[in-house]
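Take a look at the structure set out below.
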Amino acid sequence: MPTFLFDDIIFGPVSSRRLGKSLGINLLPTHRKICNFDCIYCECGLSPHELIQKSHFPSASDVKNALTAKLVHMKAQNDLPTTITFAGNGEPTLHPEFEAIILSTVEIRNRLAPQSKIAVLSNATLISRKTITSSLAKIDLNILKLDSALNNTINCINRPKLPFSADKLIDNLQEFRKKIIIQTLFLKGTVNGQYIDNTSPEELNALLDAYQLIKPEMVMIYTIARSTPVEGLEKIEKEQLDAIGQTIEKLGIKVQISY
Ligand code: SF4
């Protein structure tokens, strides 16, 4: 199955319904994915098993220089981004200098693009670590993944590579106490002989309970848009995604649906 890796530290800007004109920052290597999840739908492909080394990541000063150069150029063109978005080839909070990078990004943004928001797309596995919590508290949009509130389903969809449970993740999201946007991808399919459907009534009820505990500013829901590294997955029909969105809105939570 074809998958995709970003080939530089800075990518885009791309036009995003969720984030406007979004300038991406890839804190992961350009030649491989690094993530502590191995989601069955990941557009970057399967997560390799090799040990992660510091030398795999771009340095904080390389990130700083690349972002500064790009924003100086965009400013000269009167074309600054709506959002500076940490995403890329894996999980950005795994970068060993994540704290320093967030600090310098805030400084660069304030100096060159004060209207731009800073967003981090994360799987939320490390948000209870002190340095990660304090770094994420400095940015505007924490977009954090929650694909299921049930352990078995999370293990099937996200395939964590660390000791992990849905209950712990939901507790951590609840305790984070910063503005949170939850991102949930809905899918169906059979993987390794096991049928997965995180739109079933049991799944939705558990997710709705979790959203109520976490109290996010918004829930972004979406489905598979491109090829997946695992075969046998189906995207969710627009009508069903709309209906899920309406159910979440009834809780008084804002919803954004991408299809
Ligand atoms: S958390 Fe994101 S980067 Fe990691 S495997 Fe899942 S989709 Fe891919």
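Identifiers in the structure tokens: chain A, B, ... in order shown; residue index from 1 per chain; ligand index from 1 in order shown.
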
Each segment 74-93 of chain A residue no farther than 8 Å from segment 108-132 of chain A, nearest pair in Å, only C-alpha atoms, as JSON lines:
{"residue": "A:Lys75", "atom": "CA", "partner": "A:Leu112", "partner_atom": "CA", "distance": 7.3}
{"residue": "A:Leu80", "atom": "CA", "partner": "A:Ala113", "partner_atom": "CA", "distance": 6.6}
{"residue": "A:Pro81", "atom": "CA", "partner": "A:Ser116", "partner_atom": "CA", "distance": 6.1}
{"residue": "A:Thr82", "atom": "CA", "partner": "A:Ser116", "partner_atom": "CA", "distance": 4.8}
{"residue": "A:Thr83", "atom": "CA", "partner": "A:Lys117", "partner_atom": "CA", "distance": 4.6}
{"residue": "A:Ile84", "atom": "CA", "partner": "A:Ile118", "partner_atom": "CA", "distance": 4.8}
{"residue": "A:Thr85", "atom": "CA", "partner": "A:Ala119", "partner_atom": "CA", "distance": 4.7}
{"residue": "A:Phe86", "atom": "CA", "partner": "A:Val120", "partner_atom": "CA", "distance": 4.7}
{"residue": "A:Ala87", "atom": "CA", "partner": "A:Leu121", "partner_atom": "CA", "distance": 5.5}
{"residue": "A:Glu91", "atom": "CA", "partner": "A:Ser122", "partner_atom": "CA", "distance": 6.0}
{"residue": "A:Pro92", "atom": "CA", "partner": "A:Ser122", "partner_atom": "CA", "distance": 6.7}
{"residue": "A:Thr93", "atom": "CA", "partner": "A:Ile132", "partner_atom": "CA", "distance": 7.0}

query = In segment 21-256 of chain A, what's alpha helix (DSSP H) per DSSP? Answer as a PyMOL selection string?
reply = chain A and resi 60-76+98-112+130-136+151-157+166-176+201-214+238-249

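Proximity ranking of A:Asn198, A:Gln256, A:Asn142, A:Asn89 relative to ligand 1 places A:Asn89 first, based on only C-alpha atoms and all ligand atoms.
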
key: Selection as a VMD selection string: residues within 10 Å of ligand 1 by only C-alpha atoms and all ligand atoms   = chain A and resid 28 33 to 47 87 to 92 121 to 125 144 to 147 157 to 161 185

Limited to N, CA and C atoms, could you put the picked residues into a file as a CSV table (one decimal), in the first residue's frame?
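Once written, again.csv looks like this:
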chain,number,residue,atom,x,y,z
A,28,LEU,N,10.4,14.9,12.9
A,28,LEU,CA,10.9,13.5,12.7
A,28,LEU,C,11.8,13.4,11.5
A,33,LYS,N,9.6,7.0,9.6
A,33,LYS,CA,8.6,7.4,10.6
A,33,LYS,C,9.1,7.0,12.0
A,34,ILE,N,8.8,7.8,13.0
A,34,ILE,CA,9.0,7.5,14.4
A,34,ILE,C,7.7,7.7,15.1
A,35,CYS,N,7.2,6.7,15.7
A,35,CYS,CA,6.0,6.9,16.5
A,35,CYS,C,5.9,5.8,17.6
A,36,ASN,N,5.2,6.1,18.7
A,36,ASN,CA,5.0,5.1,19.7
A,36,ASN,C,3.6,4.4,19.6
A,37,PHE,N,2.9,4.8,18.5
A,37,PHE,CA,1.7,4.1,18.0
A,37,PHE,C,2.1,3.5,16.7
A,38,ASP,N,1.2,2.6,16.2
A,38,ASP,CA,1.4,2.0,14.9
A,38,ASP,C,0.0,1.9,14.3
A,39,CYS,N,-0.7,3.1,14.1
A,39,CYS,CA,-2.1,3.1,13.7
A,39,CYS,C,-2.3,2.4,12.4
A,40,ILE,N,-3.4,1.6,12.3
A,40,ILE,CA,-3.6,0.8,11.1
A,40,ILE,C,-3.9,1.7,9.9
A,41,TYR,N,-4.2,3.0,10.2
A,41,TYR,CA,-4.6,3.9,9.1
A,41,TYR,C,-3.5,4.9,8.8
A,42,CYS,N,-2.3,4.8,9.4
A,42,CYS,CA,-1.3,5.9,9.4
A,42,CYS,C,-0.8,6.1,7.9
A,43,GLU,N,-0.9,7.4,7.5
A,43,GLU,CA,-0.5,7.7,6.1
A,43,GLU,C,1.0,7.6,6.0
A,44,CYS,N,1.7,7.6,7.1
A,44,CYS,CA,3.2,7.5,7.0
A,44,CYS,C,3.6,6.0,6.9
A,45,GLY,N,2.7,5.1,7.0
A,45,GLY,CA,3.1,3.7,6.9
A,45,GLY,C,3.2,3.0,8.3
A,46,LEU,N,3.7,1.8,8.3
A,46,LEU,CA,3.9,1.1,9.6
A,46,LEU,C,5.0,1.7,10.4
A,47,SER,N,5.0,1.6,11.7
A,47,SER,CA,6.1,2.1,12.5
A,47,SER,C,7.2,1.1,12.6
A,87,ALA,N,3.4,18.4,12.9
A,87,ALA,CA,2.8,17.1,12.4
A,87,ALA,C,4.0,16.3,11.8
A,88,GLY,N,3.8,15.7,10.7
A,88,GLY,CA,5.0,15.1,10.0
A,88,GLY,C,5.0,13.6,10.2
A,89,ASN,N,6.2,13.1,10.1
A,89,ASN,CA,6.5,11.6,10.0
A,89,ASN,C,6.4,10.9,11.3
A,90,GLY,N,5.4,11.2,12.1
A,90,GLY,CA,5.3,10.5,13.4
A,90,GLY,C,4.8,11.4,14.5
A,91,GLU,N,5.3,11.0,15.8
A,91,GLU,CA,4.8,11.7,16.9
A,91,GLU,C,5.7,12.8,17.4
A,92,PRO,N,5.3,14.1,17.2
A,92,PRO,CA,6.3,15.2,17.5
A,92,PRO,C,6.8,15.3,18.9
A,121,LEU,N,-0.2,18.4,16.6
A,121,LEU,CA,-1.0,17.2,16.4
A,121,LEU,C,-0.3,16.1,17.1
A,122,SER,N,-0.9,15.5,18.1
A,122,SER,CA,-0.2,14.5,18.9
A,122,SER,C,-1.1,13.3,19.3
A,123,ASN,N,-0.5,12.2,19.5
A,123,ASN,CA,-1.3,11.0,20.0
A,123,ASN,C,-1.6,11.0,21.5
A,124,ALA,N,-1.1,12.1,22.1
A,124,ALA,CA,-1.4,12.3,23.6
A,124,ALA,C,-0.8,11.3,24.5
A,125,THR,N,0.0,10.4,24.1
A,125,THR,CA,0.6,9.4,25.0
A,125,THR,C,1.5,10.0,26.0
A,144,LEU,N,-5.4,16.5,19.9
A,144,LEU,CA,-5.0,15.2,20.5
A,144,LEU,C,-5.9,14.1,20.2
A,145,LYS,N,-5.3,12.9,19.9
A,145,LYS,CA,-6.0,11.8,19.3
A,145,LYS,C,-6.7,11.0,20.4
A,146,LEU,N,-8.0,10.6,20.1
A,146,LEU,CA,-8.7,9.6,20.8
A,146,LEU,C,-9.6,8.9,19.9
A,147,ASP,N,-9.2,7.7,19.4
A,147,ASP,CA,-10.0,7.0,18.4
A,147,ASP,C,-11.0,6.0,19.0
A,157,ILE,N,-6.7,-0.5,16.8
A,157,ILE,CA,-6.6,0.6,15.9
A,157,ILE,C,-5.2,1.3,16.0
A,158,ASN,N,-4.8,1.7,17.2
A,158,ASN,CA,-3.6,2.5,17.4
A,158,ASN,C,-2.4,1.6,17.7
A,159,ARG,N,-2.5,0.4,18.1
A,159,ARG,CA,-1.5,-0.5,18.3
A,159,ARG,C,-0.3,0.1,19.1
A,160,PRO,N,-0.5,0.6,20.3
A,160,PRO,CA,0.5,1.3,21.1
A,160,PRO,C,1.8,0.4,21.3
A,161,LYS,N,2.9,1.0,21.3
A,161,LYS,CA,4.2,0.3,21.5
A,161,LYS,C,4.7,0.5,22.9
A,185,LEU,N,-10.7,9.5,14.5
A,185,LEU,CA,-10.9,8.9,13.2
A,185,LEU,C,-11.8,7.7,13.3

message = Just list as JSON, numbers by chain whatever in segment 187-255 of chain A DSSP marks as strand (DSSP E or B).
response = {"A": [188, 189, 190, 191, 194, 195, 196, 197, 218, 219, 220, 221, 222, 223, 233, 234, 254, 255]}

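Proximity ranking of A:Pro201, A:Ser148, A:Gln246, A:Gly12 relative to Met74 of chain A places A:Gly12 first, based on only C-alpha atoms.
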
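Remark: for Ala206 of chain A, the closest of the candidate residues A:Leu150, A:Thr247, A:Thr228, A:Val219 is A:Leu150 (distances computed over only C-alpha atoms).
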
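Between Met218 of chain A and the candidates A:Ala166, A:Gly252, A:Leu187, A:Lys138, the tightest atom-to-atom separation, counting only C-alpha atoms, involves A:Gly252.
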
Kindly assemble as JSON lines a list of the segment 134-183 of chain A residues that lie within 12 Å of segment 14-18 of chain A, each paired with its nearest atom pair and their distance in Å to one decimal, using only C-alpha atoms, sorted first by chain and then by ascending residue number.
{"residue": "A:Leu141", "atom": "CA", "partner": "A:Arg18", "partner_atom": "CA", "distance": 11.1}
{"residue": "A:Ile143", "atom": "CA", "partner": "A:Arg18", "partner_atom": "CA", "distance": 10.5}
{"residue": "A:Ile181", "atom": "CA", "partner": "A:Arg18", "partner_atom": "CA", "distance": 11.0}
{"residue": "A:Gln183", "atom": "CA", "partner": "A:Arg18", "partner_atom": "CA", "distance": 10.8}

Written file, previous selection with C-alpha atoms, as a short mmCIF file (atom, residue, chain, number, x, y, z; two decimals), in the first residue's frame:
data_model
loop_
_atom_site.label_atom_id
_atom_site.label_comp_id
_atom_site.auth_asym_id
_atom_site.auth_seq_id
_atom_site.Cartn_x
_atom_site.Cartn_y
_atom_site.Cartn_z
CA LEU A 141 -4.10 24.41 19.55
CA ILE A 143 -5.10 18.56 18.76
CA ILE A 181 -9.23 19.65 20.63
CA GLN A 183 -9.44 14.27 17.05
#
